[in-house]
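Shown here: start.csv, CSV, C-alpha atoms.
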chain,number,residue,atom,x,y,z
C,285,MET,CA,21.8,5.1,15.2
C,286,ALA,CA,19.2,2.9,16.9
C,287,ALA,CA,21.6,0.0,17.2
C,288,ARG,CA,19.2,-2.0,19.5
C,289,GLN,CA,16.2,-1.8,17.2
C,290,PRO,CA,15.4,-3.6,14.0
C,291,SER,CA,15.7,-1.0,11.3
C,292,SER,CA,13.8,-2.1,8.3
C,293,ALA,CA,10.2,-3.2,7.4
C,294,THR,CA,11.7,-6.6,6.4
C,295,ALA,CA,13.4,-7.0,9.8
C,296,ASN,CA,10.3,-6.2,11.7
C,297,ALA,CA,8.2,-8.5,9.5
C,298,VAL,CA,10.6,-11.4,10.0
C,299,LEU,CA,11.0,-10.8,13.7
C,300,GLY,CA,7.2,-10.4,14.0
C,301,LEU,CA,6.6,-13.8,12.3
C,302,LEU,CA,9.1,-15.4,14.6
C,303,SER,CA,7.7,-13.7,17.7
C,304,PHE,CA,4.8,-16.3,17.8
C,305,GLY,CA,7.4,-18.7,19.1
C,306,GLN,CA,7.9,-21.3,16.5
C,307,GLU,CA,11.2,-22.2,14.8
C,308,LEU,CA,10.8,-21.5,11.1
C,309,SER,CA,13.0,-21.9,8.0
C,310,GLY,CA,13.3,-19.1,5.4
C,311,TYR,CA,10.9,-21.1,3.3
C,312,ASP,CA,8.3,-21.3,6.1
C,313,LEU,CA,8.7,-17.5,6.7
C,314,LYS,CA,8.1,-16.7,3.0
C,315,LYS,CA,5.0,-19.0,3.0
C,316,TRP,CA,3.6,-17.5,6.1
C,317,ALA,CA,4.3,-14.0,4.9
C,318,ASP,CA,2.5,-14.7,1.6
C,319,HIS,CA,-0.3,-16.3,3.4
C,320,SER,CA,-1.2,-13.7,6.0
C,321,LEU,CA,1.2,-10.7,6.2
C,322,ARG,CA,0.6,-9.5,2.7
C,323,PHE,CA,-3.1,-8.8,3.4
C,324,PHE,CA,-2.2,-5.8,5.5
C,325,PHE,CA,1.5,-5.2,5.2
C,326,TRP,CA,3.5,-6.6,2.4
C,327,SER,CA,5.4,-9.8,1.7
C,328,PRO,CA,9.1,-9.5,1.4
C,329,ALA,CA,10.9,-11.4,-1.4
C,330,SER,CA,12.6,-14.7,-0.4
C,331,SER,CA,16.0,-13.2,-1.1
C,332,GLN,CA,15.2,-10.3,1.3
C,333,ILE,CA,14.1,-12.8,4.0
C,334,TYR,CA,17.3,-14.8,3.7
C,335,SER,CA,19.6,-11.8,3.8
C,336,GLU,CA,17.6,-10.3,6.7
C,337,LEU,CA,17.9,-13.5,8.6
C,338,ARG,CA,21.7,-13.4,8.3
C,339,ARG,CA,21.7,-9.8,9.4
C,340,LEU,CA,19.4,-10.5,12.4
C,341,GLU,CA,21.5,-13.5,13.4
C,342,SER,CA,24.7,-11.4,13.3
C,343,ARG,CA,23.0,-8.9,15.7
C,344,GLY,CA,21.9,-11.6,18.0
C,345,TYR,CA,18.2,-11.1,17.4
C,346,VAL,CA,17.6,-14.6,16.0
C,347,SER,CA,19.5,-17.9,16.4
C,348,SER,CA,19.5,-20.8,14.0
C,349,ARG,CA,20.2,-24.5,14.0
C,350,VAL,CA,20.1,-27.2,11.3
C,351,ILE,CA,17.5,-29.9,11.6
C,352,ALA,CA,18.5,-33.2,10.0
C,353,LYS,CA,16.3,-34.7,7.4
C,354,ASP,CA,15.8,-38.4,6.6
C,355,ASP,CA,17.3,-38.5,3.2
C,356,THR,CA,18.7,-35.2,2.1
C,357,ARG,CA,20.8,-32.4,3.7
C,358,GLY,CA,19.4,-30.6,6.7
C,359,ARG,CA,17.1,-27.6,6.9
C,360,ARG,CA,18.1,-24.4,8.8
C,361,VAL,CA,15.5,-23.1,11.1
C,362,TYR,CA,15.4,-19.8,13.0
C,363,ALA,CA,14.1,-18.8,16.4
C,364,ILE,CA,13.8,-15.3,17.9
C,365,THR,CA,16.1,-14.7,20.9
C,366,ASP,CA,15.1,-12.8,24.0
C,367,GLU,CA,17.1,-9.9,22.7
C,368,GLY,CA,15.3,-10.0,19.4
C,369,ARG,CA,11.9,-10.0,21.2
C,370,ARG,CA,13.0,-7.1,23.4
C,371,ALA,CA,14.2,-5.1,20.4
C,372,LEU,CA,10.9,-5.7,18.5
C,373,ALA,CA,8.8,-4.9,21.6
C,374,GLN,CA,10.8,-1.7,22.1
C,375,TRP,CA,10.4,-0.7,18.4
C,376,LEU,CA,6.6,-1.3,18.7
C,377,ALA,CA,6.4,0.8,21.9
C,378,THR,CA,8.5,3.7,20.7
C,379,GLU,CA,8.4,4.0,16.9
C,380,PRO,CA,5.3,5.9,15.7
C,381,ALA,CA,3.2,3.9,13.2
C,382,ASP,CA,3.7,5.4,9.7
C,383,VAL,CA,0.8,6.4,7.7
C,384,ALA,CA,-0.8,3.5,5.8
C,385,VAL,CA,0.2,3.5,2.1
C,386,LEU,CA,-2.0,2.0,-0.6
C,387,LYS,CA,-0.3,1.3,-4.0
C,388,HIS,CA,-3.2,0.6,-6.2
C,389,PRO,CA,-2.1,0.2,-9.9
C,390,THR,CA,-5.7,-0.4,-11.0
C,391,ILE,CA,-6.9,3.0,-9.7
C,392,LEU,CA,-3.8,4.6,-11.1
C,393,ARG,CA,-5.0,3.4,-14.5
C,394,VAL,CA,-8.5,4.8,-14.0
C,395,TRP,CA,-6.9,8.1,-13.1
C,396,LEU,CA,-5.0,7.9,-16.4
C,397,GLY,CA,-8.2,6.9,-18.2
C,398,HIS,CA,-7.8,9.7,-20.7
C,399,LEU,CA,-4.9,7.8,-22.2
C,400,MET,CA,-6.6,4.4,-22.5
C,401,GLU,CA,-9.3,2.8,-24.5
C,402,PRO,CA,-12.5,2.5,-22.4
C,403,GLU,CA,-12.8,-1.2,-23.1
C,404,THR,CA,-9.2,-1.9,-22.0
C,405,LEU,CA,-9.8,0.1,-18.8
C,406,ARG,CA,-12.9,-1.9,-18.0
C,407,LYS,CA,-11.0,-5.1,-18.5
C,408,VAL,CA,-8.3,-3.9,-16.0
C,409,VAL,CA,-10.9,-3.1,-13.4
C,410,HIS,CA,-12.7,-6.4,-13.9
C,411,GLU,CA,-9.3,-8.2,-13.4
C,412,HIS,CA,-8.8,-6.3,-10.1
C,413,ARG,CA,-12.3,-7.4,-9.1
C,414,ASP,CA,-11.4,-11.1,-9.8
C,415,ARG,CA,-8.3,-10.8,-7.7
C,416,LEU,CA,-10.3,-9.3,-4.8
C,417,GLU,CA,-12.7,-12.3,-4.8
C,418,GLY,CA,-9.7,-14.6,-4.7
C,419,ARG,CA,-8.3,-12.8,-1.7
C,420,LEU,CA,-11.6,-12.8,0.1
C,421,ALA,CA,-11.8,-16.6,-0.4
C,422,GLU,CA,-8.4,-16.9,1.3
C,423,VAL,CA,-9.5,-14.6,4.1
C,424,HIS,CA,-12.6,-16.7,4.7
C,425,HIS,CA,-10.5,-19.8,4.8
C,426,ASP,CA,-8.3,-18.2,7.5
C,427,GLN,CA,-11.4,-17.0,9.5
C,428,ARG,CA,-12.6,-20.6,9.8
C,429,ARG,CA,-9.1,-21.7,11.0
C,430,VAL,CA,-8.8,-19.1,13.8
C,431,ALA,CA,-12.5,-19.3,14.9
C,432,ALA,CA,-11.9,-22.6,16.6
C,433,ASP,CA,-8.9,-21.3,18.7
C,434,PRO,CA,-9.7,-18.9,21.6
C,435,THR,CA,-6.0,-18.1,22.1
C,436,MET,CA,-5.7,-16.5,18.6
C,437,ALA,CA,-7.1,-13.2,19.9
C,438,TYR,CA,-5.1,-10.7,17.9
C,439,ALA,CA,-5.0,-12.8,14.7
C,440,LYS,CA,-8.8,-12.9,14.9
C,441,LEU,CA,-9.0,-9.1,15.2
C,442,VAL,CA,-6.8,-8.7,12.1
C,443,ILE,CA,-8.4,-11.3,10.0
C,444,ASP,CA,-11.9,-10.0,10.7
C,445,TRP,CA,-10.6,-6.5,9.9
C,446,ALA,CA,-9.2,-7.9,6.6
C,447,GLU,CA,-12.5,-9.5,5.8
C,448,ARG,CA,-14.4,-6.2,6.2
C,449,TYR,CA,-11.6,-4.5,4.2
C,450,TYR,CA,-11.9,-6.7,1.2
C,451,GLN,CA,-15.7,-6.8,1.3
C,452,ALA,CA,-15.7,-3.0,1.2
C,453,GLU,CA,-13.2,-2.9,-1.6
C,454,LEU,CA,-15.3,-5.3,-3.6
C,455,ARG,CA,-18.4,-3.1,-3.1
C,456,ASN,CA,-16.3,0.0,-4.0
C,457,THR,CA,-15.1,-1.6,-7.2
C,458,ASP,CA,-18.6,-2.6,-8.2
C,459,ARG,CA,-19.7,1.0,-7.7
C,460,LEU,CA,-16.7,2.2,-9.8
C,461,LEU,CA,-17.7,-0.2,-12.6
C,462,ASP,CA,-21.2,1.2,-12.5
C,463,GLU,CA,-20.0,4.7,-12.7
C,464,MET,CA,-17.6,3.9,-15.6
C,465,GLU,CA,-20.6,2.3,-17.4
C,466,GLU,CA,-22.6,5.5,-16.8
C,467,LEU,CA,-19.8,7.6,-18.1
C,468,GLY,CA,-19.7,5.4,-21.3
C,469,THR,CA,-23.4,5.8,-21.9
C,470,ARG,CA,-23.1,9.6,-21.5
C,471,GLY,CA,-21.0,9.4,-24.7
C,472,GLY,CA,-17.8,7.7,-23.8
C,473,ARG,CA,-14.7,9.7,-23.1
C,474,PRO,CA,-15.6,13.3,-22.8
C,475,ALA,CA,-13.5,15.5,-25.1
C,476,GLY,CA,-10.8,17.1,-23.1
C,477,ALA,CA,-11.4,14.8,-20.2
C,478,ARG,CA,-8.7,15.5,-17.7
C,479,SER,CA,-7.8,14.8,-14.1
C,480,LEU,CA,-7.4,16.8,-11.0
C,481,PRO,CA,-5.3,19.9,-11.7
C,482,PRO,CA,-2.5,20.8,-9.4
C,483,PRO,CA,-3.6,22.7,-6.3
C,484,GLY,CA,-3.0,26.4,-6.3
C,485,GLY,CA,-1.8,28.2,-9.3
C,486,ALA,CA,0.9,25.8,-10.5
C,487,GLY,CA,1.9,25.8,-14.2
I,65,MET,CA,14.8,-4.3,-22.3
I,66,ALA,CA,11.6,-2.3,-22.8
I,67,ALA,CA,13.6,0.7,-24.0
I,68,ARG,CA,10.5,2.6,-25.2
I,69,GLN,CA,8.6,2.3,-22.0
I,70,PRO,CA,8.9,4.1,-18.7
I,71,SER,CA,10.3,1.6,-16.3
I,72,SER,CA,9.6,2.6,-12.8
I,73,ALA,CA,6.6,3.6,-10.7
I,74,THR,CA,8.2,7.0,-10.2
I,75,ALA,CA,8.6,7.4,-14.0
I,76,ASN,CA,4.9,6.5,-14.6
I,77,ALA,CA,3.7,8.7,-11.8
I,78,VAL,CA,5.7,11.7,-13.1
I,79,LEU,CA,4.6,11.1,-16.7
I,80,GLY,CA,1.1,10.6,-15.5
I,81,LEU,CA,1.0,13.9,-13.8
I,82,LEU,CA,2.4,15.7,-16.8
I,83,SER,CA,0.0,13.9,-19.2
I,84,PHE,CA,-2.8,16.3,-18.1
I,85,GLY,CA,-1.0,18.8,-20.3
I,86,GLN,CA,0.4,21.5,-18.0
I,87,GLU,CA,4.0,22.6,-17.6
I,88,LEU,CA,5.0,21.8,-14.1
I,89,SER,CA,8.2,22.3,-12.0
I,90,GLY,CA,9.6,19.6,-9.8
I,91,TYR,CA,8.1,21.5,-6.9
I,92,ASP,CA,4.6,21.5,-8.6
I,93,LEU,CA,4.9,17.8,-9.3
I,94,LYS,CA,5.7,17.0,-5.7
I,95,LYS,CA,2.8,19.2,-4.4
I,96,TRP,CA,0.4,17.6,-6.8
I,97,ALA,CA,1.6,14.1,-6.0
I,98,ASP,CA,1.2,14.7,-2.3
I,99,HIS,CA,-2.2,16.2,-2.9
I,100,SER,CA,-3.8,13.5,-5.0
I,101,LEU,CA,-1.6,10.7,-6.1
I,102,ARG,CA,-0.8,9.5,-2.6
I,103,PHE,CA,-4.4,8.7,-1.9
I,104,PHE,CA,-4.3,5.7,-4.2
I,105,PHE,CA,-0.8,5.2,-5.3
I,106,TRP,CA,2.1,6.7,-3.4
I,107,SER,CA,4.0,10.0,-3.5
I,108,PRO,CA,7.6,9.9,-4.6
I,109,ALA,CA,10.2,11.9,-2.6
I,110,SER,CA,11.3,15.2,-4.1
I,111,SER,CA,14.7,13.8,-4.8
I,112,GLN,CA,13.2,10.9,-6.7
I,113,ILE,CA,11.1,13.3,-8.8
I,114,TYR,CA,14.1,15.5,-9.7
I,115,SER,CA,16.3,12.5,-10.7
I,116,GLU,CA,13.4,10.9,-12.7
I,117,LEU,CA,12.8,14.2,-14.5
I,118,ARG,CA,16.5,14.2,-15.6
I,119,ARG,CA,16.2,10.6,-16.7
I,120,LEU,CA,13.0,11.2,-18.6
I,121,GLU,CA,14.4,14.2,-20.3
I,122,SER,CA,17.5,12.3,-21.5
I,123,ARG,CA,15.2,9.7,-23.0
I,124,GLY,CA,13.1,12.4,-24.8
I,125,TYR,CA,9.9,11.7,-22.8
I,126,VAL,CA,9.8,15.2,-21.3
I,127,SER,CA,11.2,18.6,-22.3
I,128,SER,CA,12.0,21.5,-20.1
I,129,ARG,CA,12.5,25.2,-20.2
I,130,VAL,CA,13.4,27.9,-17.7
I,131,ILE,CA,10.8,30.5,-17.0
I,132,ALA,CA,12.1,33.8,-15.9
I,133,LYS,CA,10.9,35.3,-12.6
I,134,ASP,CA,10.6,38.9,-11.7
I,135,ASP,CA,13.2,39.1,-9.0
I,136,THR,CA,15.1,35.9,-8.6
I,137,ARG,CA,16.6,33.2,-10.9
I,138,GLY,CA,14.2,31.2,-13.1
I,139,ARG,CA,12.2,28.2,-12.5
I,140,ARG,CA,12.6,25.1,-14.7
I,141,VAL,CA,9.3,23.6,-15.9
I,142,TYR,CA,8.7,20.3,-17.6
I,143,ALA,CA,6.2,19.2,-20.3
I,144,ILE,CA,5.5,15.7,-21.6
I,145,THR,CA,6.6,15.2,-25.2
I,146,ASP,CA,4.5,13.2,-27.8
I,147,GLU,CA,7.0,10.4,-27.4
I,148,GLY,CA,6.5,10.5,-23.6
I,149,ARG,CA,2.8,10.4,-24.0
I,150,ARG,CA,3.1,7.5,-26.5
I,151,ALA,CA,5.4,5.6,-24.1
I,152,LEU,CA,3.0,6.0,-21.2
I,153,ALA,CA,-0.1,5.0,-23.2
I,154,GLN,CA,1.8,2.0,-24.5
I,155,TRP,CA,2.8,1.0,-20.9
I,156,LEU,CA,-0.9,1.4,-19.8
I,157,ALA,CA,-2.1,-0.7,-22.7
I,158,THR,CA,0.4,-3.6,-22.4
I,159,GLU,CA,1.6,-3.8,-18.9
I,160,PRO,CA,-0.7,-5.8,-16.6
I,161,ALA,CA,-1.7,-3.9,-13.5
I,162,ASP,CA,0.1,-5.3,-10.5
I,163,VAL,CA,-1.9,-6.4,-7.5
I,164,ALA,CA,-2.8,-3.6,-5.1
I,165,VAL,CA,-0.5,-3.5,-2.1
I,166,LEU,CA,-1.5,-2.1,1.3
I,167,LYS,CA,1.2,-1.3,3.8
I,168,HIS,CA,-0.6,-0.7,7.0
I,169,PRO,CA,1.7,-0.2,9.9
I,170,THR,CA,-1.2,0.2,12.3
I,171,ILE,CA,-2.7,-3.2,11.5
I,172,LEU,CA,0.8,-4.7,11.7
I,173,ARG,CA,0.9,-3.5,15.3
I,174,VAL,CA,-2.5,-5.0,16.1
I,175,TRP,CA,-1.2,-8.3,14.7
I,176,LEU,CA,1.7,-8.0,17.1
I,177,GLY,CA,-0.6,-7.1,19.9
I,178,HIS,CA,0.8,-9.9,22.1
I,179,LEU,CA,4.0,-7.8,22.4
I,180,MET,CA,2.3,-4.5,23.3
I,181,GLU,CA,0.5,-3.0,26.2
I,182,PRO,CA,-3.2,-2.8,25.4
I,183,GLU,CA,-3.3,0.9,26.2
I,184,THR,CA,-0.4,1.7,23.8
I,185,LEU,CA,-2.1,-0.4,21.1
I,186,ARG,CA,-5.4,1.5,21.5
I,187,LYS,CA,-3.6,4.8,21.3
I,188,VAL,CA,-1.9,3.7,18.0
I,189,VAL,CA,-5.3,2.8,16.5
I,190,HIS,CA,-6.8,6.0,17.6
I,191,GLU,CA,-4.0,8.0,15.9
I,192,HIS,CA,-4.7,6.1,12.7
I,193,ARG,CA,-8.3,7.0,13.0
I,194,ASP,CA,-7.4,10.7,13.4
I,195,ARG,CA,-5.2,10.5,10.2
I,196,LEU,CA,-8.1,9.0,8.3
I,197,GLU,CA,-10.4,11.8,9.3
I,198,GLY,CA,-7.8,14.3,8.0
I,199,ARG,CA,-7.5,12.5,4.7
I,200,LEU,CA,-11.3,12.3,4.3
I,201,ALA,CA,-11.5,16.1,4.8
I,202,GLU,CA,-8.9,16.5,2.0
I,203,VAL,CA,-10.9,14.2,-0.2
I,204,HIS,CA,-14.1,16.1,0.4
I,205,HIS,CA,-12.3,19.3,-0.5
I,206,ASP,CA,-11.2,17.8,-3.8
I,207,GLN,CA,-14.7,16.5,-4.5
I,208,ARG,CA,-16.0,20.0,-4.3
I,209,ARG,CA,-13.3,21.2,-6.7
I,210,VAL,CA,-14.0,18.6,-9.4
I,211,ALA,CA,-17.8,18.7,-9.0
I,212,ALA,CA,-18.0,22.0,-10.9
I,213,ASP,CA,-16.0,20.9,-13.9
I,214,PRO,CA,-17.7,18.4,-16.3
I,215,THR,CA,-14.4,17.7,-18.1
I,216,MET,CA,-12.8,16.1,-15.1
I,217,ALA,CA,-14.4,12.7,-15.8
I,218,TYR,CA,-11.7,10.3,-14.6
I,219,ALA,CA,-10.6,12.5,-11.7
I,220,LYS,CA,-14.1,12.4,-10.5
I,221,LEU,CA,-14.3,8.6,-10.7
I,222,VAL,CA,-11.1,8.3,-8.7
I,223,ILE,CA,-11.9,10.9,-6.1
I,224,ASP,CA,-15.4,9.4,-5.5
I,225,TRP,CA,-13.8,6.0,-5.2
I,226,ALA,CA,-11.3,7.5,-2.7
I,227,GLU,CA,-14.1,9.0,-0.7
I,228,ARG,CA,-15.8,5.6,-0.4
I,229,TYR,CA,-12.5,4.0,0.4
I,230,TYR,CA,-11.7,6.3,3.4
I,231,GLN,CA,-15.3,6.2,4.7
I,232,ALA,CA,-15.1,2.3,4.7
I,233,GLU,CA,-11.7,2.4,6.4
I,234,LEU,CA,-13.1,4.7,9.0
I,235,ARG,CA,-16.0,2.4,9.8
I,236,ASN,CA,-13.7,-0.6,9.7
I,237,THR,CA,-11.4,1.1,12.3
I,238,ASP,CA,-14.3,1.9,14.6
I,239,ARG,CA,-15.4,-1.7,14.5
I,240,LEU,CA,-11.8,-2.8,15.3
I,241,LEU,CA,-11.7,-0.4,18.3
I,242,ASP,CA,-15.0,-1.9,19.5
I,243,GLU,CA,-13.6,-5.4,19.2
I,244,MET,CA,-10.4,-4.4,21.0
I,245,GLU,CA,-12.6,-3.0,23.8
I,246,GLU,CA,-14.5,-6.3,24.0
I,247,LEU,CA,-11.3,-8.3,24.1
I,248,GLY,CA,-10.2,-6.1,27.0
I,249,THR,CA,-13.4,-6.6,29.0
I,250,ARG,CA,-13.1,-10.3,28.5
I,251,GLY,CA,-10.0,-10.1,30.7
I,252,GLY,CA,-7.4,-8.3,28.6
I,253,ARG,CA,-4.7,-10.1,26.8
I,254,PRO,CA,-5.6,-13.8,26.9
I,255,ALA,CA,-2.7,-15.9,28.2
I,256,GLY,CA,-0.9,-17.4,25.3
I,257,ALA,CA,-2.6,-15.1,22.8
I,258,ARG,CA,-0.9,-15.7,19.5
I,259,SER,CA,-1.5,-15.0,15.9
I,260,LEU,CA,-2.1,-17.0,12.8
I,261,PRO,CA,0.3,-20.0,12.7
I,262,PRO,CA,2.0,-20.8,9.5
I,263,PRO,CA,-0.1,-22.8,7.0
I,264,GLY,CA,0.5,-26.5,6.7
I,265,GLY,CA,2.9,-28.2,9.1
I,266,ALA,CA,5.7,-25.7,9.1
I,267,GLY,CA,8.1,-25.5,12.2
Serialized structure, structure tokens:
Amino acid sequence: MAARQPSSATANAVLGLLSFGQELSGYDLKKWADHSLRFFFWSPASSQIYSELRRLESRGYVSSRVIAKDDTRGRRVYAITDEGRRALAQWLATEPADVAVLKHPTILRVWLGHLMEPETLRKVVHEHRDRLEGRLAEVHHDQRRVAADPTMAYAKLVIDWAERYYQAELRNTDRLLDEMEELGTRGGRPAGARSLPPPGGAG
Amino acid sequence: MAARQPSSATANAVLGLLSFGQELSGYDLKKWADHSLRFFFWSPASSQIYSELRRLESRGYVSSRVIAKDDTRGRRVYAITDEGRRALAQWLATEPADVAVLKHPTILRVWLGHLMEPETLRKVVHEHRDRLEGRLAEVHHDQRRVAADPTMAYAKLVIDWAERYYQAELRNTDRLLDEMEELGTRGGRPAGARSLPPPGGAG
């Protein structure tokens, strides 16, 4: 049991967000995760963040205090402790980075195109394309924010990487739409169209 | 309760693999999922596949039989039923495609570069690059397999998309390595290097 190391992706995401040195509430953490982390990792649910914060605090990796507000009840904010920072740094130094996983429900649908109406499938891919443009607009917004600040070195590397990633995905999707169009003009769904068979002699 | 629809990603992945019409064992399904599905969706664990097969069979979406073998005990193979095919088609037609999620542990580490030794970080990114080349080799192998078969229309769309995806990710990673190099020659980790602050006035 690696008792000194954060153990879950949520724990590492939360400690990572806190490692930049600010005190943040659960709400702040969720907002920040949605705003940046989800572009290259994934954004935990609010409930996951709150339960992870309690777990991290019980292990001494974060501390919390309540900040009074003018009118209503206070807001609990969390900070990473030295022990939490050490645990995260140790995890980063020793744990091999897992393989990147892409879960792409739109491409899954293309793969199952033999079960769908071509028109429905095209609509699904166009919706994906619209979402990509939205993400790219957000990434461009963040690029402008970090450009002015020379201390944001690693953030800049990641946000520039994300910009290239979403640009490439947009081009790739356009190409896919062209090829779907071509398939359609060659006579729509080929009879007996099927997908990649299992490797070897399965079945 | 959508009682007529497969409810989990695993259920849809398993039914999707079976929808190409072959009888497959749990082992075949795992092999096929690892071989193709994981490039754009994700590959369920063997234990998930076996428990999902039991669940799908109890709901009438798959049927199974035991095929005798020469020497040893038989092998159970599964086929999709008409009801299973209808349920999957209905799910595809009615359920909106979720947003694609990328879980990229290597980029997470770049984002947390302020907690790592630059040399360790470079090694992590190079290992990612090696894995990408391995995946691209597998994709090229599959491209050659489908190229000869005109009935594999949707498989070809997806595998060509995957080829462009991994080529783009390879270029993007090379660019990232160049930029990390540049950051290093500008004096290594800038003092106070930090990442994207939370949006708005959090903290």
Close residues, C:Arg359 itself excluded, 10 Å, only C-alpha atoms, min 5 positions apart in chain, as number ranges by chain: C: 308-311, 349-353
Computed interatomic separation between atom CA of C:Ser347 and atom CA of C:Met436 (Å):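 Computing it gives 25.3 Å between the two atoms.
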Local residues around (-12.8, 8.5, -1.5), at most 9 Å away, using only C-alpha atoms, as number ranges by chain: I: 103, 200, 203-204, 207, 222-231
Residue nearest I:Phe105 among C:Arg343, C:His388, C:Thr378, C:Val383 (counting all atoms listed in the file):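 Answer, going by the shortest atom-to-atom distance: C:His388.
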Pick from C:Ala295, C:Leu454, C:Ile391, C:Ala363 nearest to chain I, counting all atoms listed in the file: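 For chain I, the nearest of the given residues is C:Ile391.
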d(atom CA of C:Thr390, atom CA of C:Thr404) in Å: 11.6 Å
Straight-line distance linking atom CA of C:Lys314 with atom CA of C:Ala297, stated in Å to one decimal: 10.5 Å
Closest of I:His192, I:Lys167, I:Arg199, I:Arg186 to C:Leu321 - atom-to-atom distances counting all atoms listed in the file: I:Lys167
For chain I, the nearest of the candidates C:His319, C:Arg357, C:Arg428, C:Arg339, counting all atoms listed in the file: C:His319
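Considering the residues C:Ser348, C:Gln374, C:Thr457, C:Thr356 and counting all atoms listed in the file, C:Leu302 has its shortest atom-to-atom contact with C:Ser348.
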Residues within 8 Å of C:Val298, only C-alpha atoms, excluding chain neighbours under 3 positions, as a list in words: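 Counting only the stated atoms, we get Thr294, Ala295, Leu301, Leu302, Leu313, Ile333, Glu336 and Leu337 of chain C.
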Within 12 Å of I:Asp238 using all atoms listed in the file, minus same-chain residues under 3 positions, as number ranges by chain: C: 445, 448; I: 186, 189-190, 192-194, 196-197, 231-235, 241-245
Residue nearest chain I - candidates C:Ser342, C:Ser292, C:Ser330, C:Ser320, atoms counted: only C-alpha atoms: C:Ser320
